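> Sharing run.cif, mmCIF, C-alpha atoms:
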```cif
data_run
#
loop_
_atom_site.group_PDB
_atom_site.id
_atom_site.type_symbol
_atom_site.label_atom_id
_atom_site.label_comp_id
_atom_site.auth_asym_id
_atom_site.auth_seq_id
_atom_site.Cartn_x
_atom_site.Cartn_y
_atom_site.Cartn_z
ATOM 1 C CA SER I 1 0.000 0.000 0.000
ATOM 2 C CA ARG I 2 2.893 2.332 0.718
ATOM 3 C CA LEU I 3 4.358 1.707 -2.751
ATOM 4 C CA LEU I 4 0.954 2.286 -4.337
ATOM 5 C CA ALA I 5 0.530 5.577 -2.500
ATOM 6 C CA ARG I 6 3.982 6.713 -3.612
ATOM 7 C CA ALA I 7 3.242 5.747 -7.221
ATOM 8 C CA LEU I 8 0.006 7.727 -7.171
ATOM 9 C CA ARG I 9 1.806 10.734 -5.704
ATOM 10 C CA CYS I 10 4.454 10.585 -8.446
ATOM 11 C CA ARG I 11 1.716 10.333 -11.082
ATOM 12 C CA ASN I 12 0.032 13.448 -9.669
ATOM 13 C CA ILE I 13 3.331 15.333 -9.680
ATOM 14 C CA LEU I 14 3.952 14.413 -13.330
ATOM 15 C CA TYR I 15 0.438 15.531 -14.222
ATOM 16 C CA MET I 16 1.005 18.941 -12.612
ATOM 17 C CA LEU I 17 4.352 19.352 -14.338
ATOM 18 C CA THR I 18 2.950 18.632 -17.800
ATOM 19 C CA ALA I 19 -0.234 20.663 -17.367
ATOM 20 C CA ALA I 20 1.269 23.911 -16.046
ATOM 21 C CA PRO I 21 3.208 26.639 -17.904
ATOM 22 C CA LEU I 22 7.025 26.567 -17.596
ATOM 23 C CA ALA I 23 7.295 29.231 -14.893
ATOM 24 C CA ALA I 24 4.632 27.517 -12.801
ATOM 25 C CA ARG I 25 6.122 24.080 -13.462
ATOM 26 C CA SER I 26 9.442 25.136 -11.932
ATOM 27 C CA ALA I 27 7.714 26.307 -8.764
ATOM 28 C CA ILE I 28 5.611 23.111 -8.628
ATOM 29 C CA ALA I 29 8.741 21.009 -9.157
ATOM 30 C CA LEU I 30 10.570 22.619 -6.248
ATOM 31 C CA CYS I 31 7.634 22.157 -3.886
ATOM 32 C CA SER I 32 6.951 18.614 -5.045
ATOM 33 C CA LEU I 33 10.581 17.530 -4.773
ATOM 34 C CA ALA I 34 10.827 18.892 -1.249
ATOM 35 C CA ALA I 35 7.538 17.279 -0.209
ATOM 36 C CA ALA I 36 8.590 13.933 -1.623
ATOM 37 C CA GLY I 37 11.904 14.098 0.246
ATOM 38 C CA ARG I 38 14.031 13.930 -2.880
ATOM 39 C CA GLY I 39 16.882 16.095 -1.588
ATOM 40 C CA HIS I 40 18.984 12.911 -1.285
ATOM 41 C CA LEU I 41 18.995 12.352 -5.050
ATOM 42 C CA GLY I 42 21.956 13.476 -7.143
ATOM 43 C CA VAL I 43 22.398 17.188 -7.718
ATOM 44 C CA VAL I 44 23.959 18.320 -10.978
ATOM 45 C CA ILE I 45 26.207 21.413 -10.916
ATOM 46 C CA ARG I 46 26.895 22.989 -14.284
ATOM 47 C CA ALA I 47 27.397 26.331 -16.014
ATOM 48 C CA ALA I 48 24.212 27.929 -17.319
ATOM 49 C CA ASN I 49 24.058 28.980 -20.955
ATOM 50 C CA LEU I 50 22.722 32.540 -20.907
ATOM 51 C CA THR I 51 22.024 32.375 -24.638
ATOM 52 C CA ASP I 52 19.749 29.357 -24.153
ATOM 53 C CA PRO I 53 16.094 30.321 -23.588
ATOM 54 C CA GLY I 54 15.478 27.254 -21.418
ATOM 55 C CA ASP I 55 18.336 28.024 -19.027
ATOM 56 C CA CYS I 56 17.374 31.696 -18.879
ATOM 57 C CA GLU I 57 13.736 30.917 -18.099
ATOM 58 C CA ALA I 58 14.695 28.429 -15.396
ATOM 59 C CA LEU I 59 16.913 31.081 -13.779
ATOM 60 C CA CYS I 60 14.236 33.772 -14.127
ATOM 61 C CA CYS I 61 11.827 31.526 -12.239
ATOM 62 C CA VAL I 62 14.010 31.707 -9.104
ATOM 63 C CA ARG I 63 15.440 35.230 -9.361
ATOM 64 C CA LYS I 64 13.792 38.475 -8.428
ATOM 65 C CA PRO I 65 14.033 41.508 -10.743
ATOM 66 C CA VAL I 66 17.075 43.646 -9.945
ATOM 67 C CA GLU I 67 16.549 46.197 -12.720
ATOM 68 C CA PHE I 68 13.510 48.317 -13.468
ATOM 69 C CA VAL I 69 12.110 47.054 -16.748
ATOM 70 C CA VAL I 70 8.545 47.314 -18.028
ATOM 71 C CA GLU I 71 7.454 43.697 -18.228
ATOM 72 C CA GLN I 72 4.362 41.893 -19.407
ATOM 73 C CA GLY I 73 1.490 42.803 -17.100
ATOM 74 C CA SER I 74 3.296 45.750 -15.478
ATOM 75 C CA LYS I 75 1.131 48.731 -14.637
ATOM 76 C CA GLY I 76 2.250 52.057 -16.018
ATOM 77 C CA PHE I 77 0.844 55.567 -16.342
ATOM 78 C CA LEU I 78 -2.755 55.808 -15.097
ATOM 79 C CA GLY I 79 -2.765 52.102 -14.326
ATOM 80 C CA GLN I 80 -2.376 50.984 -17.916
ATOM 81 C CA VAL I 81 -1.253 47.349 -18.128
ATOM 82 C CA ALA I 82 1.661 46.594 -20.457
ATOM 83 C CA VAL I 83 0.864 44.101 -23.206
ATOM 84 C CA LEU I 84 3.963 42.943 -25.073
ATOM 85 C CA GLU I 85 4.795 40.639 -27.935
ATOM 86 C CA PRO I 86 5.942 37.230 -26.602
ATOM 87 C CA GLU I 87 9.570 37.656 -27.690
ATOM 88 C CA VAL I 88 9.752 41.209 -26.294
ATOM 89 C CA ALA I 89 8.239 39.990 -23.022
ATOM 90 C CA ARG I 90 10.822 37.198 -22.816
ATOM 91 C CA ARG I 91 13.756 39.554 -23.451
ATOM 92 C CA ARG I 92 12.565 42.018 -20.828
ATOM 93 C CA ARG I 93 11.990 39.251 -18.284
ATOM 94 C CA VAL I 94 15.580 38.123 -18.812
ATOM 95 C CA GLN I 95 16.925 41.682 -18.691
ATOM 96 C CA ALA I 96 15.203 42.416 -15.369
ATOM 97 C CA ARG I 97 16.676 39.330 -13.675
ATOM 98 C CA LEU I 98 19.878 38.507 -15.546
ATOM 99 C CA GLY I 99 20.863 41.854 -17.072
ATOM 100 C CA SER I 100 23.739 42.486 -14.655
ATOM 101 C CA ALA I 101 25.084 38.943 -15.099
ATOM 102 C CA ILE I 102 25.029 39.304 -18.884
ATOM 103 C CA ARG I 103 26.632 42.776 -18.824
ATOM 104 C CA ASP I 104 29.383 41.644 -16.448
ATOM 105 C CA LYS I 105 29.992 38.501 -18.512
ATOM 106 C CA ALA I 106 29.354 36.419 -15.418
ATOM 107 C CA ARG I 107 29.607 32.659 -15.489
ATOM 108 C CA VAL I 108 26.411 31.525 -13.766
ATOM 109 C CA LEU I 109 26.616 28.109 -12.116
ATOM 110 C CA ILE I 110 23.376 26.286 -11.402
ATOM 111 C CA ALA I 111 22.451 23.349 -9.208
ATOM 112 C CA ALA I 112 19.594 21.181 -10.445
ATOM 113 C CA ASP I 113 18.036 17.979 -9.168
ATOM 114 C CA ALA I 114 19.189 15.146 -11.414
ATOM 115 C CA GLY I 115 15.889 13.324 -10.901
ATOM 116 C CA ALA I 116 13.656 16.153 -12.105
ATOM 117 C CA ALA I 117 11.801 15.644 -15.394
ATOM 118 C CA GLU I 118 12.550 19.254 -16.422
ATOM 119 C CA LEU I 119 15.209 21.740 -15.380
ATOM 120 C CA ALA I 120 14.308 23.047 -11.921
ATOM 121 C CA VAL I 121 17.048 25.268 -10.520
ATOM 122 C CA ILE I 122 17.598 24.732 -6.789
ATOM 123 C CA GLY I 123 20.779 26.801 -6.428
ATOM 124 C CA THR I 124 22.847 29.382 -8.291
ATOM 125 C CA VAL I 125 25.999 31.442 -7.978
ATOM 126 C CA ASP I 126 27.493 34.108 -10.252
ATOM 127 C CA CYS I 127 31.233 34.239 -10.972
ATOM 128 C CA VAL I 128 32.731 37.426 -12.446
ATOM 129 C CA ALA I 129 36.382 37.682 -13.485
ATOM 130 C CA LEU I 130 37.948 40.964 -12.327
ATOM 131 C CA PRO I 131 41.395 42.424 -12.996
ATOM 132 C CA ALA I 132 43.851 43.316 -10.255
ATOM 133 C CA GLY I 133 42.956 46.468 -8.349
ATOM 134 C CA LYS I 134 40.842 47.813 -5.534
ATOM 135 C CA GLY I 135 37.920 45.855 -4.172
ATOM 136 C CA ARG I 136 34.549 47.177 -3.071
ATOM 137 C CA ARG I 137 36.054 50.080 -1.131
ATOM 138 C CA ALA I 138 38.445 52.640 -2.606
ATOM 139 C CA MET I 139 40.397 52.660 0.690
ATOM 140 C CA GLY I 140 40.646 48.878 0.770
ATOM 141 C CA PRO I 141 43.720 46.799 -0.066
ATOM 142 C CA GLU I 142 44.999 46.104 -3.552
ATOM 143 C CA LEU I 143 43.738 42.740 -4.743
ATOM 144 C CA PRO I 144 45.153 40.434 -7.421
ATOM 145 C CA GLN I 145 43.259 39.253 -10.454
ATOM 146 C CA ARG I 146 40.291 37.469 -8.947
ATOM 147 C CA LEU I 147 36.976 35.736 -9.425
ATOM 148 C CA LEU I 148 34.193 37.663 -7.686
ATOM 149 C CA ILE I 149 31.556 35.378 -6.158
ATOM 150 C CA ARG I 150 28.074 36.859 -5.832
ATOM 151 C CA ASN I 151 24.401 35.910 -5.634
ATOM 152 C CA LEU I 152 24.948 32.529 -3.990
ATOM 153 C CA TRP I 153 21.461 31.139 -3.439
ATOM 154 C CA VAL I 154 19.941 27.771 -2.553
ATOM 155 C CA ALA I 155 16.201 27.070 -2.434
ATOM 156 C CA GLU I 156 15.004 26.997 1.165
ATOM 157 C CA ALA I 157 13.739 23.407 0.953
ATOM 158 C CA PHE I 158 17.211 22.219 -0.125
ATOM 159 C CA ARG I 159 19.399 24.099 2.362
ATOM 160 C CA ARG I 160 21.696 22.355 4.842
ATOM 161 C CA GLN I 161 22.368 19.603 2.308
ATOM 162 C CA GLY I 162 25.779 20.791 1.141
ATOM 163 C CA ILE I 163 24.542 22.353 -2.104
ATOM 164 C CA GLY I 164 25.943 25.793 -1.298
ATOM 165 C CA ARG I 165 29.339 24.229 -0.575
ATOM 166 C CA ARG I 166 29.210 22.293 -3.845
ATOM 167 C CA LEU I 167 28.455 25.493 -5.767
ATOM 168 C CA MET I 168 31.421 27.174 -4.092
ATOM 169 C CA ASP I 169 33.636 24.182 -4.913
ATOM 170 C CA ALA I 170 32.511 24.462 -8.536
ATOM 171 C CA ALA I 171 33.424 28.166 -8.485
ATOM 172 C CA GLU I 172 36.929 27.232 -7.333
ATOM 173 C CA GLU I 173 37.207 24.723 -10.162
ATOM 174 C CA LEU I 174 36.070 27.402 -12.600
ATOM 175 C CA ALA I 175 38.731 29.785 -11.260
ATOM 176 C CA ALA I 176 41.384 27.112 -11.822
ATOM 177 C CA GLU I 177 40.187 26.624 -15.409
ATOM 178 C CA MET I 178 40.480 30.397 -15.930
ATOM 179 C CA HIS I 179 43.966 30.445 -14.320
ATOM 180 C CA ILE I 180 42.727 32.724 -11.534
ATOM 181 C CA GLU I 181 44.230 32.132 -8.093
ATOM 182 C CA PHE I 182 42.109 34.364 -5.872
ATOM 183 C CA LEU I 183 38.422 34.457 -4.931
ATOM 184 C CA SER I 184 36.606 37.397 -3.349
ATOM 185 C CA LEU I 185 33.075 38.046 -2.172
ATOM 186 C CA ASP I 186 30.997 40.395 -0.033
ATOM 187 C CA VAL I 187 28.722 39.250 2.776
ATOM 188 C CA LEU I 188 26.686 41.039 5.409
ATOM 189 C CA ALA I 189 28.491 40.967 8.740
ATOM 190 C CA ASP I 190 25.387 39.741 10.580
ATOM 191 C CA ASN I 191 24.677 36.918 8.095
ATOM 192 C CA GLU I 192 26.047 34.224 10.378
ATOM 193 C CA PRO I 193 25.111 31.135 8.279
ATOM 194 C CA ALA I 194 26.795 32.565 5.170
ATOM 195 C CA ARG I 195 29.862 33.648 7.123
ATOM 196 C CA ARG I 196 30.213 30.193 8.659
ATOM 197 C CA LEU I 197 30.056 28.644 5.187
ATOM 198 C CA TYR I 198 32.673 30.974 3.722
ATOM 199 C CA GLU I 199 35.008 30.826 6.711
ATOM 200 C CA GLY I 200 34.726 27.031 6.692
ATOM 201 C CA LEU I 201 35.871 27.124 3.061
ATOM 202 C CA GLY I 202 38.950 29.155 3.967
ATOM 203 C CA PHE I 203 37.802 32.725 3.262
ATOM 204 C CA THR I 204 39.262 35.423 5.522
ATOM 205 C CA ASP I 205 38.412 39.057 6.224
ATOM 206 C CA LEU I 206 40.291 41.313 3.791
ATOM 207 C CA GLU I 207 39.817 44.396 5.981
ATOM 208 C CA PRO I 208 39.862 43.288 9.625
ATOM 209 C CA PRO I 209 39.306 46.204 12.023
ATOM 210 C CA PRO I 210 42.156 47.063 14.412
ATOM 211 C CA VAL I 211 39.747 46.785 17.354
ATOM 212 C CA PRO I 212 36.584 44.678 17.808
ATOM 213 C CA VAL I 213 33.587 46.273 16.084
ATOM 214 C CA PRO I 214 29.932 45.088 16.338
ATOM 215 C CA ASN I 215 28.646 43.329 13.238
ATOM 216 C CA TRP I 216 25.740 45.753 12.833
ATOM 217 C CA LEU I 217 28.236 48.607 12.612
ATOM 218 C CA ARG I 218 30.484 46.974 10.031
ATOM 219 C CA GLY I 219 27.747 46.348 7.465
ATOM 220 C CA ALA I 220 29.174 44.295 4.600
ATOM 221 C CA LEU I 221 32.456 42.406 4.849
ATOM 222 C CA SER I 222 34.899 41.743 2.029
ATOM 223 C CA LEU I 223 36.279 38.205 2.208
ATOM 224 C CA GLY I 224 38.977 36.604 0.114
ATOM 225 C CA LYS I 225 40.684 33.281 -0.445
ATOM 226 C CA ALA I 226 43.968 32.536 -2.174
ATOM 227 C CA LEU I 227 43.889 29.347 -4.224
ATOM 228 C CA ALA I 228 46.808 26.982 -4.623
ATOM 229 C CA PRO I 229 48.456 27.258 -8.063
ATOM 230 C CA PRO I 230 47.720 24.374 -10.470
ATOM 231 C CA GLY I 231 49.710 21.291 -9.524
ATOM 232 C CA VAL I 232 50.280 22.433 -5.935
ATOM 233 C CA THR I 233 48.306 21.003 -3.028
ATOM 234 C CA ALA I 234 46.869 23.082 -0.179
ATOM 235 C CA GLU I 235 49.884 22.061 1.979
ATOM 236 C CA GLY I 236 52.249 23.538 -0.585
ATOM 237 C CA SER I 237 53.734 20.312 -1.958
ATOM 238 C CA THR I 238 53.773 19.599 -5.659
ATOM 239 C CA GLU I 239 51.074 17.209 -6.791
ATOM 240 C CA MET I 240 52.397 14.151 -8.605
ATOM 241 C CA ARG I 241 50.316 13.489 -11.691
ATOM 242 C CA PRO I 242 50.318 10.089 -13.418
ATOM 243 C CA MET I 243 52.210 9.959 -16.691
#
```
Go ahead and express the file in the form of structure tokens.

Amino acid sequence: SRLLARALRCRNILYMLTAAPLAARSAIALCSLAAAGRGHLGVVIRAANLTDPGDCEALCCVRKPVEFVVEQGSKGFLGQVAVLEPEVARRRRVQARLGSAIRDKARVLIAADAGAAELAVIGTVDCVALPAGKGRRAMGPELPQRLLIRNLWVAEAFRRQGIGRRLMDAAEELAAEMHIEFLSLDVLADNEPARRLYEGLGFTDLEPPPVPVPNWLRGALSLGKALAPPGVTAEGSTEMRPM
């Protein structure tokens, strides 16, 4: 009876996924996967293709607008509702949510459940290559060429399962592929869970205060991590590769 109940539940989930529009299907998939306890299944980490409409739509489903763009259904002057051509509506939806990533030539890494019938993003992180120079603050230290990590996000139902750490590990691998040996990121000082994650991965404060300062007073922190050069282990010894 337990197997029958599970089969019926899976059938209902598949019905909802095929009957709903793409944006709604992604939301249904996340809820259904969490309810079915599927967080233990394999999670795929890969780079998103920002020229692929499917990847862009899947990312738009989990990202809030960060730029003001008149989108389909937006209310304008005197309450007029914007009605756009489908392709125009799609481009503006992408611009509102992914415009900064596209402009900055960010490499967006996504985490997706390998067991999902369609792409349902459960985690993302943006990686932006920056030249050597100052960081967020003009008075801060000089930094080497680096990979800026930003917008790390994991769906609430899938947190505390190591997905954020896996995304960060993938960002390190990306940096190595790009021959970049330093990572940097900004985090709110009072965001304890995020700080624990980053500090556990080896990130340190780039601008430590000379005296103890309350977190609420510091605001955002700039953290950094130097990566071992290719072929060198974290302990500093040369890695022996098989011939």
> Please write as a short mmCIF file (atom, residue, chain, number, x, y, z; two decimals) with C-alpha atoms, in the frame of the given file the full residue list that the PyMOL selection byres ((chain I and resi 180-185) around 9) yields on this file.

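Result written to out06.cif:
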```
data_model
loop_
_atom_site.label_atom_id
_atom_site.label_comp_id
_atom_site.auth_asym_id
_atom_site.auth_seq_id
_atom_site.Cartn_x
_atom_site.Cartn_y
_atom_site.Cartn_z
CA ALA I 129 36.38 37.68 -13.48
CA GLY I 135 37.92 45.86 -4.17
CA LEU I 143 43.74 42.74 -4.74
CA PRO I 144 45.15 40.43 -7.42
CA GLN I 145 43.26 39.25 -10.45
CA ARG I 146 40.29 37.47 -8.95
CA LEU I 147 36.98 35.74 -9.43
CA LEU I 148 34.19 37.66 -7.69
CA ILE I 149 31.56 35.38 -6.16
CA ARG I 150 28.07 36.86 -5.83
CA ALA I 171 33.42 28.17 -8.48
CA GLU I 172 36.93 27.23 -7.33
CA LEU I 174 36.07 27.40 -12.60
CA ALA I 175 38.73 29.78 -11.26
CA ALA I 176 41.38 27.11 -11.82
CA GLU I 177 40.19 26.62 -15.41
CA MET I 178 40.48 30.40 -15.93
CA HIS I 179 43.97 30.44 -14.32
CA ASP I 186 31.00 40.40 -0.03
CA VAL I 187 28.72 39.25 2.78
CA PHE I 203 37.80 32.72 3.26
CA LEU I 206 40.29 41.31 3.79
CA LEU I 221 32.46 42.41 4.85
CA SER I 222 34.90 41.74 2.03
CA LEU I 223 36.28 38.20 2.21
CA GLY I 224 38.98 36.60 0.11
CA LYS I 225 40.68 33.28 -0.44
CA ALA I 226 43.97 32.54 -2.17
CA LEU I 227 43.89 29.35 -4.22
CA ALA I 228 46.81 26.98 -4.62
CA PRO I 229 48.46 27.26 -8.06
CA PRO I 230 47.72 24.37 -10.47
#
```
> Just give me the residues with any atom within 8 Å of (5.9, 46.2, -24.7), file coordinates, counting all atoms listed in the file, written as a list of chain:residue names.
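Returned residue set, sorted by chain then number, is I:Val70, I:Glu71, I:Gln72, I:Ala82, I:Val83, I:Leu84, I:Glu85, I:Val88, I:Ala89.
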> Which one of I:Arg93, I:Arg218, I:Arg137, I:Arg196 sits closest to Ala58 of chain I if you count all atoms listed in the file?
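Smallest distance to Ala58 of chain I is found for I:Arg93.
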> Given the file shown, enumerate the residues that the PyMOL selection byres ((chain I and resi 65) around 7) captures and present them as a list of chain:residue names.
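For this structure, the PyMOL selection byres ((chain I and resi 65) around 7) resolves to I:Arg63, I:Lys64, I:Val66, I:Glu67, I:Ala96, I:Arg97.
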> Rank I:Gly115, I:Pro209, I:Gly99, I:Gly123 by their smallest atom-to-atom distance to Phe68 of chain I, using all atoms listed in the file, and report the top residue only.
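Ranked by minimum distance to Phe68 of chain I, first place goes to I:Gly99.
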> How many Å lie between atom CA of Ala48 of chain I and atom CA of Arg92 of chain I, rounded to one decimal?
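We find that atom CA of Ala48 of chain I and atom CA of Arg92 of chain I lie 18.6 Å from each other.
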> Nearest to Val43 of chain I: which of I:Asp113, I:Glu118, I:Glu142, I:Glu192 is it, counting all atoms listed in the file?
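Between I:Asp113, I:Glu118, I:Glu142, I:Glu192, the residue approaching Val43 of chain I most closely is I:Asp113.
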> Just want the 10 Å neighbourhood of Pro53 of chain I, counted on all atoms listed in the file, with same-chain residues fewer than 5 positions away dropped. Output as JSON, numbers by chain.
{"I": [58, 59, 90, 91, 94]}
> How would the residues just picked look written out with C-alpha atoms as a PDB file, in the coordinates of the input?

```
ATOM      1  CA  ALA I  58      14.695  28.429 -15.396  1.00  0.00           C
ATOM      2  CA  LEU I  59      16.913  31.081 -13.779  1.00  0.00           C
ATOM      3  CA  ARG I  90      10.822  37.198 -22.816  1.00  0.00           C
ATOM      4  CA  ARG I  91      13.756  39.554 -23.451  1.00  0.00           C
ATOM      5  CA  VAL I  94      15.580  38.123 -18.812  1.00  0.00           C
TER       6      VAL I  94
END
```
> Between atom CA of Leu78 of chain I and atom CA of Cys60 of chain I, what distance in Å does the model show, to one decimal?
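Computing it gives 27.8 Å between the two atoms.
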> Rounded to one decimal, what separation in Å do you get between atom CA of Trp153 of chain I and atom CA of Asp169 of chain I?
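Calculated distance between atom CA of Trp153 of chain I and atom CA of Asp169 of chain I is 14.1 Å.
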> Here is a test: counting only C-alpha atoms, which residue of I:Thr124, I:Gln80, I:Thr51, I:Ser74 is nearest to Lys105 of chain I?
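Ranked by minimum distance to Lys105 of chain I, first place goes to I:Thr51.
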> From the set I:Val62, I:Ala132, I:Val108, I:Leu201, which residue has the shortest atom-to-atom contact distance to Val154 of chain I, counting all atoms listed in the file?
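Under the stated criterion, the closest residue is I:Val62.
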> Go through I:Val121, I:Leu188, I:Ala47, I:Gly140 one by one, measure the shortest atom-to-atom distance of each to Glu156 of chain I using all atoms listed in the file, and give the residue with the smallest value.
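Of the candidates, the smallest distance to Glu156 of chain I is held by I:Val121.
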> For segment 175-187 of chain I, supply N, CA and C atoms and format the output as a PDB file, keeping the file's coordinate frame.

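This went into rebuild_3.pdb:
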```pdb
ATOM      1  N   ALA I 175      37.591  28.878 -11.381  1.00  0.00           N
ATOM      2  CA  ALA I 175      38.731  29.785 -11.260  1.00  0.00           C
ATOM      3  C   ALA I 175      40.009  29.107 -11.749  1.00  0.00           C
ATOM      4  N   ALA I 176      40.190  27.840 -11.381  1.00  0.00           N
ATOM      5  CA  ALA I 176      41.384  27.112 -11.822  1.00  0.00           C
ATOM      6  C   ALA I 176      41.412  26.990 -13.339  1.00  0.00           C
ATOM      7  N   GLU I 177      40.248  26.718 -13.948  1.00  0.00           N
ATOM      8  CA  GLU I 177      40.187  26.624 -15.409  1.00  0.00           C
ATOM      9  C   GLU I 177      40.539  27.953 -16.065  1.00  0.00           C
ATOM     10  N   MET I 178      40.212  29.060 -15.398  1.00  0.00           N
ATOM     11  CA  MET I 178      40.480  30.397 -15.930  1.00  0.00           C
ATOM     12  C   MET I 178      41.848  30.922 -15.495  1.00  0.00           C
ATOM     13  N   HIS I 179      42.631  30.080 -14.811  1.00  0.00           N
ATOM     14  CA  HIS I 179      43.966  30.445 -14.320  1.00  0.00           C
ATOM     15  C   HIS I 179      43.900  31.659 -13.388  1.00  0.00           C
ATOM     16  N   ILE I 180      42.893  31.684 -12.548  1.00  0.00           N
ATOM     17  CA  ILE I 180      42.727  32.724 -11.534  1.00  0.00           C
ATOM     18  C   ILE I 180      42.984  32.087 -10.177  1.00  0.00           C
ATOM     19  N   GLU I 181      43.792  32.739  -9.353  1.00  0.00           N
ATOM     20  CA  GLU I 181      44.230  32.132  -8.093  1.00  0.00           C
ATOM     21  C   GLU I 181      43.717  32.868  -6.862  1.00  0.00           C
ATOM     22  N   PHE I 182      42.654  33.655  -7.034  1.00  0.00           N
ATOM     23  CA  PHE I 182      42.109  34.364  -5.872  1.00  0.00           C
ATOM     24  C   PHE I 182      40.607  34.516  -6.045  1.00  0.00           C
ATOM     25  N   LEU I 183      39.871  34.267  -4.958  1.00  0.00           N
ATOM     26  CA  LEU I 183      38.422  34.457  -4.931  1.00  0.00           C
ATOM     27  C   LEU I 183      38.098  35.583  -3.962  1.00  0.00           C
ATOM     28  N   SER I 184      37.066  36.357  -4.278  1.00  0.00           N
ATOM     29  CA  SER I 184      36.606  37.397  -3.349  1.00  0.00           C
ATOM     30  C   SER I 184      35.091  37.419  -3.358  1.00  0.00           C
ATOM     31  N   LEU I 185      34.523  37.918  -2.274  1.00  0.00           N
ATOM     32  CA  LEU I 185      33.075  38.046  -2.172  1.00  0.00           C
ATOM     33  C   LEU I 185      32.738  39.038  -1.068  1.00  0.00           C
ATOM     34  N   ASP I 186      31.512  39.513  -1.078  1.00  0.00           N
ATOM     35  CA  ASP I 186      30.997  40.395  -0.033  1.00  0.00           C
ATOM     36  C   ASP I 186      29.863  39.685   0.683  1.00  0.00           C
ATOM     37  N   VAL I 187      29.776  39.871   1.981  1.00  0.00           N
ATOM     38  CA  VAL I 187      28.722  39.250   2.776  1.00  0.00           C
ATOM     39  C   VAL I 187      28.371  40.188   3.914  1.00  0.00           C
TER      40      VAL I 187
END
```
